[in-house]
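**Student:** What follows is structure37.csv, made up of CSV, C-alpha atoms:
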chain,number,residue,atom,x,y,z
A,609,MET,CA,129.0,135.8,129.9
A,610,VAL,CA,126.6,136.5,132.8
A,611,GLU,CA,126.5,139.5,135.2
A,612,VAL,CA,126.3,139.1,139.0
A,613,VAL,CA,125.0,142.1,141.0
A,614,ALA,CA,127.0,142.7,144.2
A,615,ALA,CA,126.0,145.2,146.9
A,616,THR,CA,128.9,146.9,148.8
A,617,PRO,CA,128.5,149.6,151.5
A,618,LEU,CA,129.4,153.2,150.6
A,619,PRO,CA,132.7,154.5,152.0
A,620,GLY,CA,132.5,155.5,155.6
A,621,GLN,CA,129.3,153.5,156.3
A,622,GLY,CA,130.8,150.0,156.3
A,623,GLY,CA,131.2,149.8,160.1
A,624,SER,CA,128.4,152.0,161.3
A,625,GLY,CA,125.9,149.2,161.3
A,626,ASN,CA,123.7,151.3,158.9
A,627,CYS,CA,123.3,149.2,155.8
A,628,SER,CA,120.7,151.4,154.1
A,629,SER,CA,123.2,152.9,151.5
A,630,TYR,CA,124.9,150.5,149.1
A,631,LEU,CA,126.8,150.8,145.9
A,632,LEU,CA,125.6,148.3,143.3
A,633,LEU,CA,128.3,146.7,141.3
A,634,THR,CA,127.9,144.5,138.3
A,635,LEU,CA,130.7,141.9,138.0
A,636,PRO,CA,131.1,139.9,134.8
A,637,VAL,CA,131.4,136.2,135.4
A,638,ALA,CA,132.4,133.8,132.7
A,639,ARG,CA,130.1,130.9,132.2
A,640,HIS,CA,131.6,127.8,130.7
A,641,THR,CA,129.1,125.6,128.9
A,642,ALA,CA,130.1,122.0,128.1
A,643,TYR,CA,128.7,120.7,124.8
A,644,HIS,CA,128.5,117.0,124.5
A,645,LEU,CA,128.3,115.3,121.1
A,646,GLU,CA,125.8,112.5,121.3
A,647,THR,CA,125.6,109.7,118.7
A,648,VAL,CA,122.1,109.2,117.7
A,649,THR,CA,121.3,105.4,117.5
A,650,PRO,CA,118.1,103.9,116.4
A,651,GLY,CA,115.9,102.8,119.3
A,652,PRO,CA,114.1,99.5,119.6
A,653,ALA,CA,111.1,100.9,117.6
A,654,GLY,CA,113.3,101.9,114.7
A,655,ALA,CA,115.0,98.5,114.6
A,656,MET,CA,111.7,96.7,114.6
A,657,GLU,CA,110.5,98.9,111.7
A,658,LEU,CA,113.6,98.0,109.7
A,659,LEU,CA,113.1,94.3,110.5
A,660,LEU,CA,109.5,94.5,109.4
A,661,GLY,CA,110.3,96.3,106.2
A,662,PHE,CA,113.1,93.8,105.4
A,663,CYS,CA,110.8,90.8,106.0
A,664,ASN,CA,108.0,92.3,103.9
A,665,TRP,CA,110.0,93.3,100.9
A,666,SER,CA,112.3,90.3,100.8
A,667,THR,CA,109.2,88.0,100.9
A,668,LEU,CA,107.6,89.9,98.0
A,669,GLY,CA,110.8,89.9,96.0
A,670,LEU,CA,111.3,86.1,96.5
A,671,CYS,CA,107.7,85.3,95.8
A,672,ALA,CA,107.9,87.2,92.5
A,673,ALA,CA,110.6,84.7,91.4
A,674,LEU,CA,109.5,81.7,93.5
A,675,LYS,CA,108.4,79.5,90.6
A,676,LEU,CA,111.3,80.4,88.4
A,677,PRO,CA,113.6,77.6,89.7
A,678,GLN,CA,110.7,75.1,89.3
A,679,ILE,CA,110.1,76.2,85.7
A,680,SER,CA,113.8,76.0,85.0
A,681,ALA,CA,114.0,72.5,86.5
A,682,VAL,CA,111.0,71.4,84.4
A,683,LEU,CA,112.6,72.8,81.2
A,684,GLY,CA,115.9,71.3,82.0
A,685,ALA,CA,114.5,67.8,82.7
A,686,ARG,CA,112.0,68.2,79.8
A,687,SER,CA,109.5,66.5,82.1
A,688,ALA,CA,107.2,67.3,85.0
A,689,ARG,CA,108.1,64.0,86.7
A,690,GLY,CA,107.9,64.3,90.5
A,691,ILE,CA,105.5,67.2,90.5
A,692,SER,CA,102.1,66.4,92.0
A,693,LEU,CA,99.1,68.1,90.2
A,694,PRO,CA,96.7,67.6,93.1
A,695,SER,CA,99.3,69.3,95.3
A,696,LEU,CA,99.4,72.3,93.0
A,697,LEU,CA,95.6,72.6,92.9
A,698,LEU,CA,95.2,72.3,96.6
A,699,GLU,CA,97.9,74.9,97.1
A,700,LEU,CA,96.2,77.3,94.7
A,701,GLY,CA,92.9,76.9,96.6
A,702,GLY,CA,94.6,77.7,99.9
A,703,PHE,CA,96.2,80.8,98.4
A,704,LEU,CA,92.8,82.1,97.3
A,705,VAL,CA,91.1,81.6,100.7
A,706,PHE,CA,94.0,83.1,102.5
A,707,LEU,CA,94.0,86.2,100.3
A,708,ARG,CA,90.3,86.7,100.7
A,709,TYR,CA,90.6,86.4,104.5
A,710,GLN,CA,93.4,89.1,104.7
A,711,TRP,CA,91.4,91.4,102.3
A,712,TYR,CA,88.2,91.0,104.3
A,713,TYR,CA,89.8,92.0,107.6
A,714,GLU,CA,91.7,94.9,106.0
A,715,TYR,CA,95.1,93.7,107.2
A,716,PRO,CA,98.2,95.7,106.0
A,717,LEU,CA,98.6,95.1,102.3
A,718,LEU,CA,102.4,94.3,102.5
A,719,THR,CA,101.6,91.4,104.8
A,720,TYR,CA,99.9,89.4,102.0
A,721,LEU,CA,100.7,91.1,98.7
A,722,GLU,CA,102.6,88.1,97.5
A,723,TYR,CA,99.5,86.0,97.3
A,724,PRO,CA,98.1,87.6,94.1
A,725,ILE,CA,101.6,87.0,92.6
A,726,LEU,CA,101.6,83.4,93.6
A,727,ILE,CA,98.0,82.9,92.3
A,728,ALA,CA,99.0,84.5,89.0
A,729,GLN,CA,102.0,82.2,88.7
A,730,GLY,CA,99.8,79.2,89.2
A,731,LYS,CA,97.0,80.0,86.9
A,732,ASN,CA,98.5,78.7,83.7
A,733,LYS,CA,96.0,77.3,81.2
A,734,LYS,CA,92.9,77.4,83.4
A,735,SER,CA,89.6,76.6,81.8
A,736,PRO,CA,86.6,79.0,81.9
A,737,VAL,CA,85.0,76.7,84.5
A,738,GLN,CA,88.0,77.0,86.8
A,739,TYR,CA,87.9,80.8,86.5
A,740,SER,CA,84.2,80.8,87.3
A,741,VAL,CA,84.8,78.7,90.4
A,742,CYS,CA,87.5,81.0,91.6
A,743,VAL,CA,85.4,84.2,91.1
A,744,SER,CA,82.4,82.6,92.7
A,745,ALA,CA,84.4,81.4,95.7
A,746,TRP,CA,85.8,85.0,96.1
A,747,PHE,CA,82.3,86.4,96.7
A,748,ILE,CA,80.7,83.4,98.5
A,749,LEU,CA,83.4,83.4,101.2
A,750,THR,CA,82.2,86.7,102.5
A,751,LEU,CA,78.5,86.2,102.5
A,752,GLN,CA,78.8,85.4,106.2
A,753,LYS,CA,81.7,86.1,108.5
A,754,TRP,CA,81.6,82.5,109.9
A,755,ILE,CA,81.9,81.1,106.4
A,756,LEU,CA,85.2,83.0,105.9
A,757,ASP,CA,86.5,82.0,109.3
A,758,LEU,CA,85.6,78.4,108.7
A,759,ALA,CA,87.2,78.5,105.3
A,760,MET,CA,90.4,80.0,106.7
A,761,ASN,CA,90.7,77.2,109.2
A,762,LEU,CA,90.1,74.7,106.4
A,763,CYS,CA,92.6,76.6,104.3
A,764,THR,CA,95.4,75.6,106.7
A,765,PHE,CA,94.3,72.0,106.4
A,766,ILE,CA,94.1,72.3,102.6
A,767,SER,CA,97.6,73.8,102.3
A,768,ALA,CA,98.9,71.1,104.6
A,769,ALA,CA,97.2,68.5,102.4
A,770,SER,CA,98.9,69.9,99.4
A,771,LYS,CA,102.3,69.5,101.0
A,772,PHE,CA,101.5,65.9,102.1
A,773,ALA,CA,100.3,65.2,98.5
A,774,GLN,CA,103.8,66.3,97.2
A,775,LEU,CA,105.5,64.2,100.0
A,776,GLN,CA,103.4,61.2,99.1
A,777,TYR,CA,104.3,61.5,95.5
A,778,LEU,CA,108.0,61.7,96.3
A,779,TRP,CA,107.8,58.7,98.6
A,780,LYS,CA,106.1,56.7,96.0
A,781,ALA,CA,108.4,57.6,93.1
A,782,ARG,CA,111.5,57.7,95.3
A,783,ASP,CA,112.8,60.3,92.8
A,784,SER,CA,112.6,64.0,93.1
A,785,GLY,CA,112.7,64.3,89.3
A,786,ALA,CA,112.0,67.9,88.2
A,787,VAL,CA,111.0,69.1,91.7
A,788,SER,CA,113.1,72.2,92.6
A,789,ALA,CA,114.6,72.1,96.1
A,790,LEU,CA,115.4,75.8,95.7
A,791,THR,CA,111.7,76.7,95.2
A,792,TRP,CA,110.7,74.7,98.3
A,793,GLY,CA,113.6,76.3,100.2
A,794,LEU,CA,112.4,79.8,99.3
A,795,ALA,CA,108.9,78.8,100.4
A,796,SER,CA,110.4,77.9,103.8
A,797,TYR,CA,112.0,81.3,104.0
A,798,THR,CA,108.9,83.2,103.2
A,799,SER,CA,106.9,81.2,105.8
A,800,ALA,CA,109.5,82.1,108.4
A,801,THR,CA,109.4,85.8,107.5
A,802,ARG,CA,105.6,85.8,107.6
A,803,ILE,CA,105.7,84.4,111.1
A,804,ILE,CA,107.7,87.5,112.1
A,805,THR,CA,105.5,90.0,110.3
A,806,THR,CA,102.3,88.4,111.8
A,807,LEU,CA,103.7,88.7,115.3
A,808,MET,CA,104.7,92.4,114.6
A,809,THR,CA,101.4,93.5,112.9
A,810,THR,CA,98.1,91.6,113.2
A,811,ASN,CA,99.1,89.0,115.7
A,812,ASP,CA,96.3,86.8,114.3
A,813,LEU,CA,96.6,83.4,115.9
A,814,THR,CA,94.9,81.6,112.9
A,815,ILE,CA,97.4,83.1,110.5
A,816,LEU,CA,100.3,82.4,112.8
A,817,LEU,CA,99.4,78.8,113.2
A,818,ARG,CA,99.1,78.4,109.4
A,819,PHE,CA,102.6,79.8,108.8
A,820,LEU,CA,104.1,77.6,111.6
A,821,ILE,CA,102.6,74.5,109.9
A,822,MET,CA,103.7,75.6,106.5
A,823,LEU,CA,107.2,76.3,107.6
A,824,ALA,CA,107.6,72.8,109.0
A,825,LEU,CA,106.1,71.1,106.0
A,826,ASN,CA,108.0,73.2,103.5
A,827,MET,CA,111.3,72.3,105.2
A,828,TRP,CA,110.2,68.6,105.2
A,829,VAL,CA,109.5,68.7,101.4
A,830,THR,CA,112.9,70.4,100.8
A,831,ALA,CA,114.7,67.8,102.8
A,832,THR,CA,112.9,65.0,101.0
A,833,VAL,CA,113.7,66.4,97.6
A,834,LEU,CA,117.4,66.7,98.5
A,835,ARG,CA,117.4,63.2,99.9
A,836,TYR,CA,116.0,61.6,96.7
A,837,ARG,CA,118.2,63.7,94.5
A,838,LYS,CA,121.3,62.4,96.2
A,839,THR,CA,119.9,58.9,95.9
A,840,ALA,CA,119.4,59.3,92.2
A,841,VAL,CA,122.9,60.7,91.8
A,842,LYS,CA,124.5,57.7,93.6
A,843,ALA,CA,122.4,55.3,91.4
A,844,GLU,CA,123.8,56.9,88.3
Do you think you could lay out the structure here as structure tokens?
**Tutor:**
Amino acid sequence: MVEVVAATPLPGQGGSGNCSSYLLLTLPVARHTAYHLETVTPGPAGAMELLLGFCNWSTLGLCAALKLPQISAVLGARSARGISLPSLLLELGGFLVFLRYQWYYEYPLLTYLEYPILIAQGKNKKSPVQYSVCVSAWFILTLQKWILDLAMNLCTFISAASKFAQLQYLWKARDSGAVSALTWGLASYTSATRIITTLMTTNDLTILLRFLIMLALNMWVTATVLRYRKTAVKAE
């Protein structure tokens, strides 16, 4: 309720033209307020945060189990046939350089946390010499900024070489053997999610180019593994 003040002339003075005496009246007036219920919907910023979180955590979760299908395939076949050792070593070297690069530039931890996991999964039965090489490389890479930047560019080449080594091995053997298509398929997914997280966080062109190349090569290896697996099944 609100009150409106109205001025009315006193009796007997309304038509005299003298408006100096007035009676003040307060008139209650009802005020109707309309309340609108609004549905709160997440804005573009909220949706982007959800997407970023999903990409980060799904990548970490899958990388934690990335090698399990490969291990299962090896145990099932009782052989490591089809798996290229040079490919594994090159891949591990690429992981180490990439991890050091992200650490040095203090990028968000969730955008590269899977790399310690992947390195740990690939470190089986390393000799003391190999451990020494890895530790030494960790510190040498940051002696000068240009050394790390150069190593990062070479890292993309090294990782690509590891994929081509696996492809060459498959082409030569014409048998996917114990190679897990699921492992390579998951690697393709994590490359795709890392393209999204890079665009949404660091926007580092070097990293973006690396993941684009890795996505293409991982999908290529996956398709090759499935192709030779079907060929082996038909032959049987």
**Student:** Determine, for each residue of range 744-834 of chain A having at least one atom at most 10 Å from an atom of range 705-711 of chain A, the closest pair of atoms and their separation in Å to one decimal, counting only C-alpha atoms; order by chain and ascending number, as JSON lines.
**Tutor:**
{"residue": "A:Ala745", "atom": "CA", "partner": "A:Val705", "partner_atom": "CA", "distance": 8.4}
{"residue": "A:Trp746", "atom": "CA", "partner": "A:Arg708", "partner_atom": "CA", "distance": 6.7}
{"residue": "A:Phe747", "atom": "CA", "partner": "A:Arg708", "partner_atom": "CA", "distance": 8.9}
{"residue": "A:Leu749", "atom": "CA", "partner": "A:Arg708", "partner_atom": "CA", "distance": 7.7}
{"residue": "A:Thr750", "atom": "CA", "partner": "A:Arg708", "partner_atom": "CA", "distance": 8.3}
{"residue": "A:Lys753", "atom": "CA", "partner": "A:Tyr709", "partner_atom": "CA", "distance": 9.8}
{"residue": "A:Leu756", "atom": "CA", "partner": "A:Tyr709", "partner_atom": "CA", "distance": 6.5}
{"residue": "A:Asp757", "atom": "CA", "partner": "A:Tyr709", "partner_atom": "CA", "distance": 7.7}
{"residue": "A:Ala759", "atom": "CA", "partner": "A:Val705", "partner_atom": "CA", "distance": 6.8}
{"residue": "A:Met760", "atom": "CA", "partner": "A:Val705", "partner_atom": "CA", "distance": 6.2}
{"residue": "A:Asn761", "atom": "CA", "partner": "A:Phe706", "partner_atom": "CA", "distance": 9.5}
{"residue": "A:Leu762", "atom": "CA", "partner": "A:Val705", "partner_atom": "CA", "distance": 9.0}
{"residue": "A:Cys763", "atom": "CA", "partner": "A:Val705", "partner_atom": "CA", "distance": 6.3}
{"residue": "A:Thr764", "atom": "CA", "partner": "A:Phe706", "partner_atom": "CA", "distance": 8.7}
{"residue": "A:Ile766", "atom": "CA", "partner": "A:Val705", "partner_atom": "CA", "distance": 10.0}
{"residue": "A:Ser767", "atom": "CA", "partner": "A:Phe706", "partner_atom": "CA", "distance": 10.0}
{"residue": "A:Ile815", "atom": "CA", "partner": "A:Phe706", "partner_atom": "CA", "distance": 8.7}
{"residue": "A:Arg818", "atom": "CA", "partner": "A:Phe706", "partner_atom": "CA", "distance": 9.8}
**Student:** Out of A:Val833, A:Ala768, A:Leu721, A:Met822, which residue has the shortest atom-to-atom distance to Ala795 in chain A when counting only C-alpha atoms?
**Tutor:**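 Answer, going by the shortest atom-to-atom distance: A:Met822.
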**Student:** What is the CA of Leu659 in chain A-CA of Thr719 in chain A distance in Å, reported with one decimal?
**Tutor:** 13.2 Å
**Student:** If you count all atoms listed in the file, which residues fall within 8 Å of range 799-812 of chain A, apart from same-chain ones fewer than 4 positions away, as a list of chain:residue names?
**Tutor:**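 Close residues of range 799-812 of chain A: A:Leu660, A:Cys663, A:Asn664, A:Thr667, A:Tyr715, A:Pro716, A:Thr719, A:Ala795, A:Leu816, A:Phe819, A:Leu820, A:Met822, A:Leu823.
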**Student:** Let me make sure I understand: among A:Ala673, A:Leu813, A:Ala769, A:Val829, which one has the smallest atom-to-atom distance to Leu698 in chain A if we use all atoms listed in the file?
**Tutor:**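 Looking only at the distances to Leu698 in chain A, the closest residue turns out to be A:Ala769.
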**Student:** Quick check, in Å to one decimal: how far apart do CA of Ser796 in chain A and CA of Leu825 in chain A lie?
**Tutor:** 8.3 Å
**Student:** How many Å lie between CA of Leu790 in chain A and CA of Lys771 in chain A, rounded to one decimal?
**Tutor:**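 Spanning CA of Leu790 in chain A to CA of Lys771 in chain A is a straight-line distance of 15.5 Å.
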**Student:** Here is a test: counting only C-alpha atoms, which residue of A:Tyr712, A:Val741, A:Phe703, A:Leu696 is nearest to Ile755 in chain A?
**Tutor:**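 Among the listed residues, A:Tyr712 lies closest to Ile755 in chain A.
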**Student:** With distances taken over all atoms listed in the file, which residue among A:Tyr723, A:Phe765, A:Ala773, A:Thr830 lies nearest Leu670 in chain A?
**Tutor:** A:Tyr723
**Student:** I need the residue nearest Gln776 in chain A from this list: A:Glu714, A:Thr832, A:Leu758, A:Ser740. Use all atoms listed in the file for the distance.
**Tutor:**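 Closest to Gln776 in chain A, using all atoms listed in the file: A:Thr832.
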**Student:** Between A:Ile748, A:Ala728, A:Leu697, A:Ala789, which has the minimum distance to Tyr836 in chain A (counting only C-alpha atoms)?
**Tutor:**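 Counting only C-alpha atoms, the residue closest to Tyr836 in chain A is A:Ala789.
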